[in-house]
Structure formats: C-alpha cells, structure tokens
$ cat input23.pdb   # PDB, N, CA and C atoms
ATOM      1  N   MET A   1     -11.497 -22.733  -5.989
ATOM      2  CA  MET A   1     -10.677 -21.773  -5.269
ATOM      3  C   MET A   1     -10.514 -22.223  -3.818
ATOM      4  N   THR A   2      -9.303 -22.092  -3.360
ATOM      5  CA  THR A   2      -9.036 -22.439  -1.974
ATOM      6  C   THR A   2      -9.101 -21.190  -1.108
ATOM      7  N   ILE A   3      -9.009 -21.393   0.176
ATOM      8  CA  ILE A   3      -9.019 -20.281   1.124
ATOM      9  C   ILE A   3      -7.814 -19.361   0.893
ATOM     10  N   TRP A   4      -6.698 -19.924   0.434
ATOM     11  CA  TRP A   4      -5.483 -19.128   0.198
ATOM     12  C   TRP A   4      -5.679 -18.178  -0.981
ATOM     13  N   ASP A   5      -6.366 -18.666  -2.008
ATOM     14  CA  ASP A   5      -6.650 -17.813  -3.167
ATOM     15  C   ASP A   5      -7.576 -16.660  -2.789
ATOM     16  N   ILE A   6      -8.597 -16.960  -1.999
ATOM     17  CA  ILE A   6      -9.532 -15.932  -1.556
ATOM     18  C   ILE A   6      -8.825 -14.918  -0.664
ATOM     19  N   LEU A   7      -7.948 -15.399   0.211
ATOM     20  CA  LEU A   7      -7.187 -14.506   1.087
ATOM     21  C   LEU A   7      -6.280 -13.582   0.281
ATOM     22  N   GLU A   8      -5.677 -14.105  -0.780
ATOM     23  CA  GLU A   8      -4.820 -13.273  -1.622
ATOM     24  C   GLU A   8      -5.625 -12.189  -2.343
ATOM     25  N   ILE A   9      -6.811 -12.526  -2.793
ATOM     26  CA  ILE A   9      -7.672 -11.535  -3.444
ATOM     27  C   ILE A   9      -8.091 -10.451  -2.462
ATOM     28  N   ILE A  10      -8.458 -10.843  -1.254
ATOM     29  CA  ILE A  10      -8.861  -9.866  -0.239
ATOM     30  C   ILE A  10      -7.712  -8.940   0.114
ATOM     31  N   ILE A  11      -6.510  -9.498   0.306
ATOM     32  CA  ILE A  11      -5.350  -8.673   0.631
ATOM     33  C   ILE A  11      -5.017  -7.725  -0.511
ATOM     34  N   SER A  12      -5.115  -8.189  -1.745
ATOM     35  CA  SER A  12      -4.813  -7.306  -2.875
ATOM     36  C   SER A  12      -5.814  -6.167  -2.983
ATOM     37  N   ILE A  13      -7.085  -6.428  -2.705
ATOM     38  CA  ILE A  13      -8.094  -5.360  -2.737
ATOM     39  C   ILE A  13      -7.839  -4.359  -1.620
ATOM     40  N   LEU A  14      -7.541  -4.845  -0.415
ATOM     41  CA  LEU A  14      -7.246  -3.946   0.711
ATOM     42  C   LEU A  14      -5.990  -3.122   0.453
ATOM     43  N   LEU A  15      -4.985  -3.732  -0.138
ATOM     44  CA  LEU A  15      -3.752  -3.013  -0.458
ATOM     45  C   LEU A  15      -4.019  -1.910  -1.477
ATOM     46  N   THR A  16      -4.809  -2.201  -2.478
ATOM     47  CA  THR A  16      -5.157  -1.193  -3.479
ATOM     48  C   THR A  16      -5.919  -0.031  -2.849
ATOM     49  N   ILE A  17      -6.853  -0.332  -1.968
ATOM     50  CA  ILE A  17      -7.629   0.718  -1.311
ATOM     51  C   ILE A  17      -6.749   1.592  -0.434
ATOM     52  N   THR A  18      -5.852   0.970   0.350
ATOM     53  CA  THR A  18      -4.998   1.779   1.233
ATOM     54  C   THR A  18      -4.037   2.656   0.442
ATOM     55  N   ILE A  19      -3.565   2.175  -0.688
ATOM     56  CA  ILE A  19      -2.670   2.998  -1.510
ATOM     57  C   ILE A  19      -3.433   4.156  -2.131
ATOM     58  N   LEU A  20      -4.639   3.912  -2.609
ATOM     59  CA  LEU A  20      -5.423   4.968  -3.243
ATOM     60  C   LEU A  20      -5.907   6.028  -2.250
ATOM     61  N   LEU A  21      -6.066   5.658  -0.987
ATOM     62  CA  LEU A  21      -6.537   6.606   0.024
ATOM     63  C   LEU A  21      -5.448   7.544   0.538
ATOM     64  N   GLN A  22      -4.205   7.226   0.259
ATOM     65  CA  GLN A  22      -3.119   8.068   0.756
ATOM     66  C   GLN A  22      -3.055   9.375  -0.024
ATOM     67  N   ASN A  23      -2.780  10.456   0.684
ATOM     68  CA  ASN A  23      -2.644  11.771   0.051
ATOM     69  C   ASN A  23      -1.321  11.864  -0.679
ATOM     70  N   LYS A  24      -1.344  12.509  -1.827
ATOM     71  CA  LYS A  24      -0.115  12.711  -2.587
ATOM     72  C   LYS A  24       0.499  14.067  -2.297
ATOM     73  N   GLY A  25      -0.217  14.994  -1.744
ATOM     74  CA  GLY A  25       0.367  16.269  -1.366
ATOM     75  C   GLY A  25       0.351  17.302  -2.471
ATOM     76  N   SER A  26       1.428  17.432  -3.239
ATOM     77  CA  SER A  26       1.578  18.543  -4.175
ATOM     78  C   SER A  26       1.075  18.260  -5.577
ATOM     79  N   GLY A  27       0.545  17.123  -5.823
ATOM     80  CA  GLY A  27       0.000  16.864  -7.148
ATOM     81  C   GLY A  27       1.026  16.339  -8.121
ATOM     82  N   LEU A  28       0.844  16.668  -9.390
ATOM     83  CA  LEU A  28       1.624  16.095 -10.479
ATOM     84  C   LEU A  28       3.054  16.621 -10.529
ATOM     85  N   GLY A  29       3.326  17.786  -9.979
ATOM     86  CA  GLY A  29       4.669  18.367 -10.039
ATOM     87  C   GLY A  29       5.714  17.529  -9.335
ATOM     88  N   VAL A  30       5.341  16.845  -8.278
ATOM     89  CA  VAL A  30       6.298  16.011  -7.549
ATOM     90  C   VAL A  30       6.742  14.834  -8.404
ATOM     91  N   GLY A  31       5.863  14.322  -9.228
ATOM     92  CA  GLY A  31       6.199  13.188 -10.089
ATOM     93  C   GLY A  31       7.251  13.513 -11.123
ATOM     94  N   PHE A  32       7.411  14.776 -11.463
ATOM     95  CA  PHE A  32       8.390  15.178 -12.464
ATOM     96  C   PHE A  32       9.606  15.864 -11.856
ATOM     97  N   GLY A  33       9.847  15.649 -10.578
ATOM     98  CA  GLY A  33      11.061  16.152  -9.956
ATOM     99  C   GLY A  33      10.895  17.426  -9.156
ATOM    100  N   GLY A  34       9.734  18.000  -9.154
ATOM    101  CA  GLY A  34       9.515  19.197  -8.350
ATOM    102  C   GLY A  34       9.356  18.829  -6.887
ATOM    103  N   SER A  35       9.509  19.799  -6.026
ATOM    104  CA  SER A  35       9.317  19.516  -4.611
ATOM    105  C   SER A  35       8.385  20.559  -4.018
ATOM    106  N   SER A  36       7.751  20.179  -2.934
ATOM    107  CA  SER A  36       6.807  21.093  -2.312
ATOM    108  C   SER A  36       7.520  22.144  -1.473
ATOM    109  N   GLY A  37       8.775  21.939  -1.141
ATOM    110  CA  GLY A  37       9.535  22.916  -0.390
ATOM    111  C   GLY A  37       9.370  22.785   1.111
ATOM    112  N   ALA A  38       8.477  21.932   1.557
ATOM    113  CA  ALA A  38       8.250  21.769   2.989
ATOM    114  C   ALA A  38       8.322  20.292   3.340
ATOM    115  N   TYR A  39       8.915  20.010   4.473
ATOM    116  CA  TYR A  39       8.998  18.642   4.957
ATOM    117  C   TYR A  39       8.025  18.488   6.107
ATOM    118  N   TYR A  40       7.259  17.434   6.082
ATOM    119  CA  TYR A  40       6.349  17.194   7.185
ATOM    120  C   TYR A  40       6.336  15.711   7.506
ATOM    121  N   THR A  41       5.954  15.382   8.718
ATOM    122  CA  THR A  41       5.867  13.987   9.117
ATOM    123  C   THR A  41       4.419  13.525   8.999
ATOM    124  N   LYS A  42       4.269  12.247   8.759
ATOM    125  CA  LYS A  42       2.930  11.685   8.667
ATOM    126  C   LYS A  42       2.352  11.574  10.075
ATOM    127  N   ARG A  43       1.090  11.915  10.203
ATOM    128  CA  ARG A  43       0.419  11.841  11.494
ATOM    129  C   ARG A  43      -0.975  11.271  11.313
ATOM    130  N   GLY A  44      -1.470  10.667  12.370
ATOM    131  CA  GLY A  44      -2.857  10.213  12.403
ATOM    132  C   GLY A  44      -3.191   9.169  11.358
ATOM    133  N   ALA A  45      -4.275   9.439  10.633
ATOM    134  CA  ALA A  45      -4.789   8.483   9.647
ATOM    135  C   ALA A  45      -3.807   8.264   8.506
ATOM    136  N   GLU A  46      -3.077   9.310   8.131
ATOM    137  CA  GLU A  46      -2.104   9.180   7.042
ATOM    138  C   GLU A  46      -0.992   8.200   7.413
ATOM    139  N   LYS A  47      -0.521   8.283   8.647
ATOM    140  CA  LYS A  47       0.522   7.367   9.115
ATOM    141  C   LYS A  47      -0.018   5.938   9.224
ATOM    142  N   PHE A  48      -1.263   5.814   9.697
ATOM    143  CA  PHE A  48      -1.880   4.499   9.803
ATOM    144  C   PHE A  48      -2.019   3.843   8.430
ATOM    145  N   LEU A  49      -2.492   4.601   7.437
ATOM    146  CA  LEU A  49      -2.639   4.047   6.087
ATOM    147  C   LEU A  49      -1.289   3.665   5.487
ATOM    148  N   PHE A  50      -0.267   4.481   5.748
ATOM    149  CA  PHE A  50       1.070   4.189   5.244
ATOM    150  C   PHE A  50       1.605   2.886   5.834
ATOM    151  N   ASN A  51       1.490   2.736   7.154
ATOM    152  CA  ASN A  51       1.973   1.519   7.805
ATOM    153  C   ASN A  51       1.140   0.302   7.414
ATOM    154  N   LEU A  52      -0.168   0.492   7.274
ATOM    155  CA  LEU A  52      -1.036  -0.610   6.868
ATOM    156  C   LEU A  52      -0.711  -1.080   5.456
ATOM    157  N   SER A  53      -0.387  -0.149   4.576
ATOM    158  CA  SER A  53      -0.043  -0.549   3.211
ATOM    159  C   SER A  53       1.261  -1.335   3.183
ATOM    160  N   ILE A  54       2.212  -1.000   4.039
ATOM    161  CA  ILE A  54       3.465  -1.764   4.128
ATOM    162  C   ILE A  54       3.191  -3.177   4.627
ATOM    163  N   VAL A  55       2.390  -3.290   5.675
ATOM    164  CA  VAL A  55       2.070  -4.610   6.238
ATOM    165  C   VAL A  55       1.323  -5.467   5.217
ATOM    166  N   LEU A  56       0.342  -4.880   4.543
ATOM    167  CA  LEU A  56      -0.412  -5.631   3.540
ATOM    168  C   LEU A  56       0.467  -6.048   2.365
ATOM    169  N   ALA A  57       1.403  -5.193   1.972
ATOM    170  CA  ALA A  57       2.308  -5.547   0.873
ATOM    171  C   ALA A  57       3.203  -6.725   1.259
ATOM    172  N   VAL A  58       3.695  -6.725   2.489
ATOM    173  CA  VAL A  58       4.541  -7.837   2.950
ATOM    174  C   VAL A  58       3.732  -9.130   2.984
ATOM    175  N   PHE A  59       2.504  -9.081   3.535
ATOM    176  CA  PHE A  59       1.650 -10.267   3.564
ATOM    177  C   PHE A  59       1.331 -10.761   2.154
ATOM    178  N   TYR A  60       1.076  -9.827   1.240
ATOM    179  CA  TYR A  60       0.759 -10.204  -0.129
ATOM    180  C   TYR A  60       1.941 -10.909  -0.802
ATOM    181  N   ILE A  61       3.141 -10.391  -0.618
ATOM    182  CA  ILE A  61       4.327 -11.000  -1.218
ATOM    183  C   ILE A  61       4.585 -12.380  -0.625
ATOM    184  N   LEU A  62       4.481 -12.483   0.704
ATOM    185  CA  LEU A  62       4.699 -13.782   1.345
ATOM    186  C   LEU A  62       3.656 -14.808   0.901
ATOM    187  N   LEU A  63       2.414 -14.371   0.785
ATOM    188  CA  LEU A  63       1.361 -15.284   0.343
ATOM    189  C   LEU A  63       1.556 -15.687  -1.114
ATOM    190  N   ALA A  64       2.014 -14.769  -1.957
ATOM    191  CA  ALA A  64       2.274 -15.089  -3.362
ATOM    192  C   ALA A  64       3.402 -16.109  -3.469
ATOM    193  N   ILE A  65       4.456 -15.942  -2.687
ATOM    194  CA  ILE A  65       5.561 -16.913  -2.691
ATOM    195  C   ILE A  65       5.068 -18.261  -2.212
ATOM    196  N   PHE A  66       4.256 -18.273  -1.148
ATOM    197  CA  PHE A  66       3.711 -19.522  -0.633
ATOM    198  C   PHE A  66       2.880 -20.244  -1.680
ATOM    199  N   LEU A  67       2.035 -19.491  -2.373
ATOM    200  CA  LEU A  67       1.180 -20.107  -3.397
ATOM    201  C   LEU A  67       1.966 -20.575  -4.600
ATOM    202  N   ALA A  68       3.061 -19.910  -4.912
ATOM    203  CA  ALA A  68       3.891 -20.322  -6.046
ATOM    204  C   ALA A  68       4.653 -21.613  -5.733
ATOM    205  N   VAL A  69       5.096 -21.744  -4.502
ATOM    206  CA  VAL A  69       5.858 -22.932  -4.096
ATOM    207  C   VAL A  69       4.919 -24.127  -3.895
ATOM    208  N   ARG A  70       3.732 -23.847  -3.442
ATOM    209  CA  ARG A  70       2.767 -24.901  -3.111
ATOM    210  C   ARG A  70       2.392 -25.617  -4.330
TER
END

$ encode --input "input23.pdb" --output "structure tokens"
Amino acid sequence: MTIWDILEIIISILLTITILLQNKGSGLGVGFGGSSGAYYTKRGAEKFLFNLSIVLAVFYILLAIFLAVR
C-alpha cells in the first residue's frame, strides 16, 4: 500500500463519520416526500459538518481520479 491508498482510506472513513453525524431532522417522513413545515438555516456544528463533508467528498473524488489515472 502506498501513502495515496492510505490517504484515500482515511478520507473515506472521515467522510462516512461526518455524514453519519449530521442531523436528519424530521425522521423517516422526509424520505417519502413529507416536509417538516419549517425552514431553518444550518448553524454551528451542523454547518461545520455539512461543509466538511463537502470538502472531504471533493478530495475523495479527486484522489480516486488521481489513483485511477496513475
């Protein structure tokens, strides 16, 4: 295993953790088309986890493309 493979594993684990830590809000009803009826903005830790998951996803995709081309 190279350093790139280890880095990809670490990023994938961190991405999974940040996605699982995010709150879903209203539960299973939202998944089937229901809505909570209230709009709110992300603040604090929730916003940080959301932005971190986006950054980690971009790094993961770029690293996967790099490893595929290499």

$ residues_around --input "input23.pdb" --residues "A:Ile19" --least-positions-apart "3" --cutoff "8 Å" --atoms "only N, CA and C atoms" --output "PyMOL selection string"
chain A and resi 13-16+22-23+49-50+52-53

$ write_last_selection --input "input23.pdb" --atoms "N, CA and C atoms" --output "PDB file, in the coordinates of the input"
ATOM      1  N   ILE A  13      -7.085  -6.428  -2.705  1.00  0.00           N
ATOM      2  CA  ILE A  13      -8.094  -5.360  -2.737  1.00  0.00           C
ATOM      3  C   ILE A  13      -7.839  -4.359  -1.620  1.00  0.00           C
ATOM      4  N   LEU A  14      -7.541  -4.845  -0.415  1.00  0.00           N
ATOM      5  CA  LEU A  14      -7.246  -3.946   0.711  1.00  0.00           C
ATOM      6  C   LEU A  14      -5.990  -3.122   0.453  1.00  0.00           C
ATOM      7  N   LEU A  15      -4.985  -3.732  -0.138  1.00  0.00           N
ATOM      8  CA  LEU A  15      -3.752  -3.013  -0.458  1.00  0.00           C
ATOM      9  C   LEU A  15      -4.019  -1.910  -1.477  1.00  0.00           C
ATOM     10  N   THR A  16      -4.809  -2.201  -2.478  1.00  0.00           N
ATOM     11  CA  THR A  16      -5.157  -1.193  -3.479  1.00  0.00           C
ATOM     12  C   THR A  16      -5.919  -0.031  -2.849  1.00  0.00           C
ATOM     13  N   GLN A  22      -4.205   7.226   0.259  1.00  0.00           N
ATOM     14  CA  GLN A  22      -3.119   8.068   0.756  1.00  0.00           C
ATOM     15  C   GLN A  22      -3.055   9.375  -0.024  1.00  0.00           C
ATOM     16  N   ASN A  23      -2.780  10.456   0.684  1.00  0.00           N
ATOM     17  CA  ASN A  23      -2.644  11.771   0.051  1.00  0.00           C
ATOM     18  C   ASN A  23      -1.321  11.864  -0.679  1.00  0.00           C
ATOM     19  N   LEU A  49      -2.492   4.601   7.437  1.00  0.00           N
ATOM     20  CA  LEU A  49      -2.639   4.047   6.087  1.00  0.00           C
ATOM     21  C   LEU A  49      -1.289   3.665   5.487  1.00  0.00           C
ATOM     22  N   PHE A  50      -0.267   4.481   5.748  1.00  0.00           N
ATOM     23  CA  PHE A  50       1.070   4.189   5.244  1.00  0.00           C
ATOM     24  C   PHE A  50       1.605   2.886   5.834  1.00  0.00           C
ATOM     25  N   LEU A  52      -0.168   0.492   7.274  1.00  0.00           N
ATOM     26  CA  LEU A  52      -1.036  -0.610   6.868  1.00  0.00           C
ATOM     27  C   LEU A  52      -0.711  -1.080   5.456  1.00  0.00           C
ATOM     28  N   SER A  53      -0.387  -0.149   4.576  1.00  0.00           N
ATOM     29  CA  SER A  53      -0.043  -0.549   3.211  1.00  0.00           C
ATOM     30  C   SER A  53       1.261  -1.335   3.183  1.00  0.00           C
TER      31      SER A  53
END

$ resolve_selection --input "input23.pdb" --expression "the PyMOL selection byres (((chain A and resi 61-70 and name CA) around 9) and name CA)" --output "list of chain:residue names"
A:Trp4, A:Asp5, A:Leu7, A:Glu8, A:Leu56, A:Ala57, A:Val58, A:Phe59, A:Tyr60

$ atom_distance --input "input23.pdb" --atom1 "atom C of A:Phe48" --atom2 "atom C of A:Ile3"
25.1 Å

$ atom_distance --input "input23.pdb" --atom1 "atom CA of A:Ile9" --atom2 "atom C of A:Leu21"
19.6 Å
